[in-house]
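Listing of entry39.cif; format and content: mmCIF, C-alpha atoms.
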```cif
data_structure
#
loop_
_atom_site.label_atom_id
_atom_site.label_comp_id
_atom_site.auth_asym_id
_atom_site.auth_seq_id
_atom_site.Cartn_x
_atom_site.Cartn_y
_atom_site.Cartn_z
CA ALA Y 1235 114.15 86.09 167.89
CA PHE Y 1236 113.79 82.74 166.10
CA ARG Y 1237 110.66 83.93 164.32
CA ARG Y 1238 112.43 87.11 163.33
CA LYS Y 1239 115.34 85.16 161.87
CA LEU Y 1240 112.95 82.81 160.09
CA TRP Y 1241 111.14 85.78 158.60
CA ILE Y 1242 114.43 87.32 157.43
CA TRP Y 1243 115.60 84.04 155.90
CA SER Y 1244 112.24 83.52 154.25
CA THR Y 1245 112.38 87.01 152.81
CA LEU Y 1246 115.93 86.47 151.58
CA ALA Y 1247 114.92 83.14 150.04
CA VAL Y 1248 111.98 84.77 148.26
CA LEU Y 1249 114.20 87.58 147.01
CA LEU Y 1250 116.85 85.08 145.87
CA LEU Y 1251 114.28 82.96 144.05
CA ALA Y 1252 112.79 86.07 142.48
CA ALA Y 1253 116.25 87.19 141.34
CA ILE Y 1254 116.98 83.73 139.93
CA GLY Y 1255 113.59 83.71 138.19
CA ILE Y 1256 114.18 87.15 136.69
CA GLY Y 1257 117.65 86.08 135.59
CA VAL Y 1258 116.33 82.91 133.97
CA MET Y 1259 113.51 84.83 132.25
CA TRP Y 1260 115.97 87.45 131.00
CA SER Y 1261 118.30 84.72 129.76
CA ILE Y 1262 115.46 82.93 127.95
CA GLN Y 1263 114.18 86.18 126.45
CA SER Y 1264 117.68 87.17 125.37
CA THR Y 1265 118.25 83.74 123.81
CA MET Y 1266 114.91 83.90 121.99
CA GLU Y 1267 115.62 87.42 120.73
CA ASN Y 1268 119.09 86.40 119.52
CA ASN Y 1269 117.66 83.33 117.79
CA LEU Y 1270 114.90 85.38 116.19
CA ARG Y 1271 117.40 88.06 115.14
CA SER Y 1272 119.60 85.39 113.59
CA GLU Y 1273 116.65 83.79 111.77
CA LEU Y 1274 115.41 87.15 110.46
CA THR Y 1275 118.92 88.10 109.33
CA THR Y 1276 119.18 84.79 107.47
CA VAL Y 1277 115.78 85.35 105.82
CA LEU Y 1278 116.73 88.95 104.95
CA ASN Y 1279 120.04 87.87 103.40
CA LEU Y 1280 118.32 85.12 101.42
CA GLU Y 1281 115.58 87.47 100.18
CA ARG Y 1282 118.16 90.09 99.25
CA PHE Y 1283 120.18 87.48 97.35
CA LEU Y 1284 117.09 86.27 95.48
CA VAL Y 1285 115.98 89.83 94.61
CA GLU Y 1286 119.47 90.79 93.43
CA LYS Y 1287 119.66 87.58 91.37
CA TRP Y 1288 116.24 88.34 89.85
CA LEU Y 1289 117.25 91.93 89.04
CA ALA Y 1290 120.49 90.74 87.44
CA LYS Y 1291 118.55 88.21 85.34
CA GLN Y 1292 116.13 90.89 84.12
CA GLU Y 1293 118.99 93.19 83.15
CA SER Y 1294 120.88 90.34 81.45
CA THR Y 1295 117.82 89.28 79.47
CA ALA Y 1296 117.15 92.84 78.31
CA MET Y 1297 120.82 93.46 77.47
CA THR Y 1298 120.94 90.33 75.32
CA LEU Y 1299 117.89 91.60 73.49
CA ALA Y 1300 119.31 95.11 73.08
CA ASN Y 1301 122.54 93.74 71.61
CA ASP Y 1302 120.74 91.74 68.92
CA ALA Y 1303 121.90 93.04 65.53
CA ASP Y 1304 118.49 92.65 63.86
CA LEU Y 1305 116.73 94.50 66.66
CA ARG Y 1306 119.29 97.32 66.58
CA SER Y 1307 118.78 97.59 62.83
CA VAL Y 1308 115.01 97.94 63.22
CA VAL Y 1309 115.43 100.51 66.01
CA SER Y 1310 117.88 102.48 63.87
CA ALA Y 1311 115.37 102.53 61.00
CA LEU Y 1312 112.59 103.63 63.35
CA LEU Y 1313 114.68 106.48 64.72
CA GLU Y 1314 115.46 107.68 61.20
CA ALA Y 1315 111.83 107.45 60.05
CA PRO Y 1316 110.01 110.83 60.35
CA ALA Y 1317 106.63 110.96 62.03
CA ALA Y 1318 103.82 110.91 59.46
CA SER Y 1319 100.52 112.63 60.03
CA ALA Y 1320 99.73 114.61 56.86
CA PRO Y 1321 97.48 112.91 54.26
CA SER Y 1322 99.78 113.29 51.24
CA LYS Y 1323 100.84 110.14 49.39
CA GLY Y 1324 104.50 110.57 50.34
CA GLU Y 1325 103.67 110.94 54.02
CA GLN Y 1326 101.35 107.92 53.87
CA ALA Y 1327 104.13 105.82 52.33
CA ILE Y 1328 106.45 106.81 55.17
CA ALA Y 1329 103.71 106.06 57.67
CA LYS Y 1330 103.27 102.58 56.22
CA ASP Y 1331 107.01 101.94 56.35
CA THR Y 1332 107.04 103.08 59.96
CA SER Y 1333 104.04 100.90 60.71
CA ASP Y 1334 105.85 97.90 59.18
CA LEU Y 1335 108.88 98.63 61.36
CA LEU Y 1336 106.70 98.83 64.48
CA VAL Y 1337 105.15 95.45 63.63
CA LYS Y 1338 108.60 93.95 63.01
CA LEU Y 1339 109.92 95.29 66.32
CA ALA Y 1340 106.91 93.92 68.20
CA ARG Y 1341 107.46 90.51 66.61
CA GLN Y 1342 111.13 90.51 67.57
CA LEU Y 1343 110.33 91.42 71.16
CA GLY Y 1344 107.31 89.10 71.41
CA PRO Y 1345 109.06 85.86 72.49
CA THR Y 1346 111.08 87.59 75.22
CA ILE Y 1347 108.02 89.45 76.49
CA SER Y 1348 106.00 86.23 76.60
CA MET Y 1349 108.77 84.12 78.14
CA ASN Y 1350 109.43 86.60 80.94
CA ASP Y 1351 105.78 87.55 81.51
CA TYR Y 1352 106.42 91.21 80.76
CA ALA Y 1353 103.45 93.53 80.35
CA GLY Y 1354 104.84 95.07 77.18
CA PHE Y 1355 107.60 97.35 75.89
CA VAL Y 1356 108.43 100.98 75.28
CA LEU Y 1357 111.16 102.39 73.05
CA THR Y 1358 112.16 106.02 73.57
CA ASP Y 1359 114.70 108.18 71.78
CA ARG Y 1360 117.22 110.41 73.52
CA SER Y 1361 114.62 113.18 73.91
CA ASN Y 1362 112.38 110.70 75.80
CA ALA Y 1363 109.82 110.66 72.99
CA VAL Y 1364 108.17 107.26 72.63
CA ARG Y 1365 109.02 105.88 69.19
CA ALA Y 1366 107.46 102.44 69.63
CA SER Y 1367 105.35 100.70 72.23
CA SER Y 1368 103.05 97.75 72.78
CA ASN Y 1369 100.56 100.48 73.79
CA PRO Y 1370 100.00 102.39 70.52
CA GLU Y 1371 98.55 105.40 72.35
CA LEU Y 1372 102.00 106.15 73.77
CA VAL Y 1373 103.74 106.40 70.39
CA GLY Y 1374 104.74 109.99 69.61
CA ARG Y 1375 104.27 111.14 73.20
CA THR Y 1376 106.90 112.35 75.63
CA VAL Y 1377 105.92 110.81 78.95
CA GLU Y 1378 107.17 112.91 81.84
CA GLN Y 1379 107.03 109.99 84.30
CA TYR Y 1380 109.46 107.97 82.20
CA GLU Y 1381 112.25 110.55 82.13
CA PRO Y 1382 113.75 109.96 85.61
CA ARG Y 1383 113.48 106.20 85.13
CA LEU Y 1384 115.40 106.29 81.85
CA ARG Y 1385 118.08 108.82 82.79
CA ARG Y 1386 120.61 106.15 83.81
CA VAL Y 1387 119.77 104.08 80.74
CA LEU Y 1388 120.41 106.94 78.33
CA ALA Y 1389 123.73 107.38 80.14
CA GLY Y 1390 124.58 103.81 79.13
CA GLU Y 1391 123.52 101.66 82.09
CA ALA Y 1392 121.00 98.85 82.35
CA ALA Y 1393 118.57 99.36 85.22
CA VAL Y 1394 115.46 98.01 86.90
CA CYS Y 1395 113.47 100.89 88.34
CA PRO Y 1396 111.43 100.82 91.58
CA PRO Y 1397 107.68 100.22 91.19
CA PHE Y 1398 105.52 103.12 90.01
CA PRO Y 1399 101.92 103.57 88.76
CA SER Y 1400 101.60 102.70 85.07
CA VAL Y 1401 100.93 105.54 82.64
CA ALA Y 1402 99.47 103.30 79.93
CA PRO Y 1403 96.58 100.90 80.54
CA ILE Y 1404 97.83 97.42 81.47
CA ALA Y 1405 96.28 94.39 83.16
CA ASP Y 1406 96.28 94.33 86.95
CA GLU Y 1407 96.46 91.16 89.07
CA LYS Y 1408 92.76 90.50 88.39
CA GLY Y 1409 93.10 90.99 84.62
CA ARG Y 1410 91.40 94.39 84.56
CA ILE Y 1411 92.91 96.81 82.02
CA GLN Y 1412 93.55 100.19 83.61
CA THR Y 1413 96.17 102.85 84.31
CA GLY Y 1414 97.83 103.27 87.68
CA VAL Y 1415 98.74 99.58 87.95
CA THR Y 1416 101.96 99.04 89.87
CA THR Y 1417 104.67 98.35 87.31
CA MET Y 1418 108.43 98.27 86.90
CA PHE Y 1419 110.77 98.88 83.97
CA VAL Y 1420 113.79 96.80 83.10
CA SER Y 1421 115.50 99.28 80.81
CA VAL Y 1422 118.56 98.99 78.61
CA PRO Y 1423 120.35 101.33 76.20
CA ILE Y 1424 120.23 100.73 72.45
CA ARG Y 1425 123.51 101.66 70.77
CA ASP Y 1426 124.35 102.48 67.16
CA ASN Y 1427 127.29 101.14 65.17
CA ASP Y 1428 129.56 103.71 66.82
CA PHE Y 1429 128.50 102.38 70.24
CA GLN Y 1430 126.66 105.60 71.04
CA VAL Y 1431 123.41 105.36 73.00
CA VAL Y 1432 120.57 106.34 70.65
CA ALA Y 1433 117.52 104.97 72.45
CA ALA Y 1434 116.20 103.26 75.58
CA LEU Y 1435 114.24 100.01 75.49
#
```
With the file now loaded, output its structure as structure tokens.
Amino acid sequence: AFRRKLWIWSTLAVLLLAAIGIGVMWSIQSTMENNLRSELTTVLNLERFLVEKWLAKQESTAMTLANDADLRSVVSALLEAPAASAPSKGEQAIAKDTSDLLVKLARQLGPTISMNDYAGFVLTDRSNAVRASSNPELVGRTVEQYEPRLRRVLAGEAAVCPPFPSVAPIADEKGRIQTGVTTMFVSVPIRDNDFQVVAAL
């Protein structure tokens, strides 16, 4: 009978210790999970704050540029200038004027592009036709991939679009010039003197 009781008590002791061990392990695991969840939430909130701050800075920088009176004047002149392709003297004169405007626009945008490490710029009119670009091969084209990314901008909002493969050749992270490089647009509306949106930068 004594042995039987000893066996029962031993079994109960083992079960009790096992239960305590499981409880302690569960408590430790739960504490570790809660701590990790808290740390990850903190990191997530910090990363979100930094990304939102970065996005706001990009939009603010581009909006300041878009509101510059000299830049708006050049854009207005570009939008009024007809495309020139025929070889007549009149058309060539217009082409030269347009070329001068493109050079002037590039010079105005140059410091901001350099300071913010942008890959370049694109200016489109309301029909999404490219009127100026740091990639000359885009000028005169209507790029289908740009349309959904500029819709909000032509409605009057500044926006930074999600990453997408570049249409024009640009440098990748290794300096190789090619298309399909992951890129983003910070886009802003250009307004005329009546505050109407006439282009997207």
Worksheet item: For the file shown, what are the residues hit by the PyMOL selection byres ((chain Y and resi 1364-1376) around 8), laid out as a list in words?
Response: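 Checking the PyMOL selection byres ((chain Y and resi 1364-1376) around 8) against this file, the residues are Leu1312, Leu1313, Ala1317, Leu1336, Ala1340, Gly1354, Phe1355, Val1356, Leu1357, Thr1358, Asp1359, Ser1361, Asn1362, Ala1363, Val1377, Glu1378, Ala1402 and Pro1403 of chain Y.
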Worksheet item: Between atom CA of Thr1416 of chain Y and atom CA of Val1401 of chain Y, what is the spacing in Å?
Response: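 Taking atom CA of Val1401 of chain Y as the start and atom CA of Thr1416 of chain Y as the end point, the length is 9.8 Å.
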Practice prompt. Please provide as number ranges by chain all residues within 12 Å of Leu1388 of chain Y, with the sequence filter that same-chain residues fewer than 2 positions apart are discarded (counting all atoms listed in the file).
Written response: Y: 1357-1362, 1380-1386, 1390-1393, 1421-1425, 1430-1435
Worksheet item: Rounded to one decimal in Å, what is the spacing between atom CA of Thr1275 of chain Y and atom CA of Ser1294 of chain Y?
Response: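 Between atom CA of Thr1275 of chain Y and atom CA of Ser1294 of chain Y the gap works out to 28.0 Å.
Picture a line from atom CA of Ala1405 of chain Y to atom CA of Thr1332 of chain Y; it runs 27.0 Å.
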Worksheet item: Taking only C-alpha atoms into account, which of Y:Leu1250, Y:Val1337, Y:Met1418, Y:Leu1270 comes nearest Ser1400 of chain Y?
Response: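 Of the candidates, the smallest distance to Ser1400 of chain Y is held by Y:Met1418.
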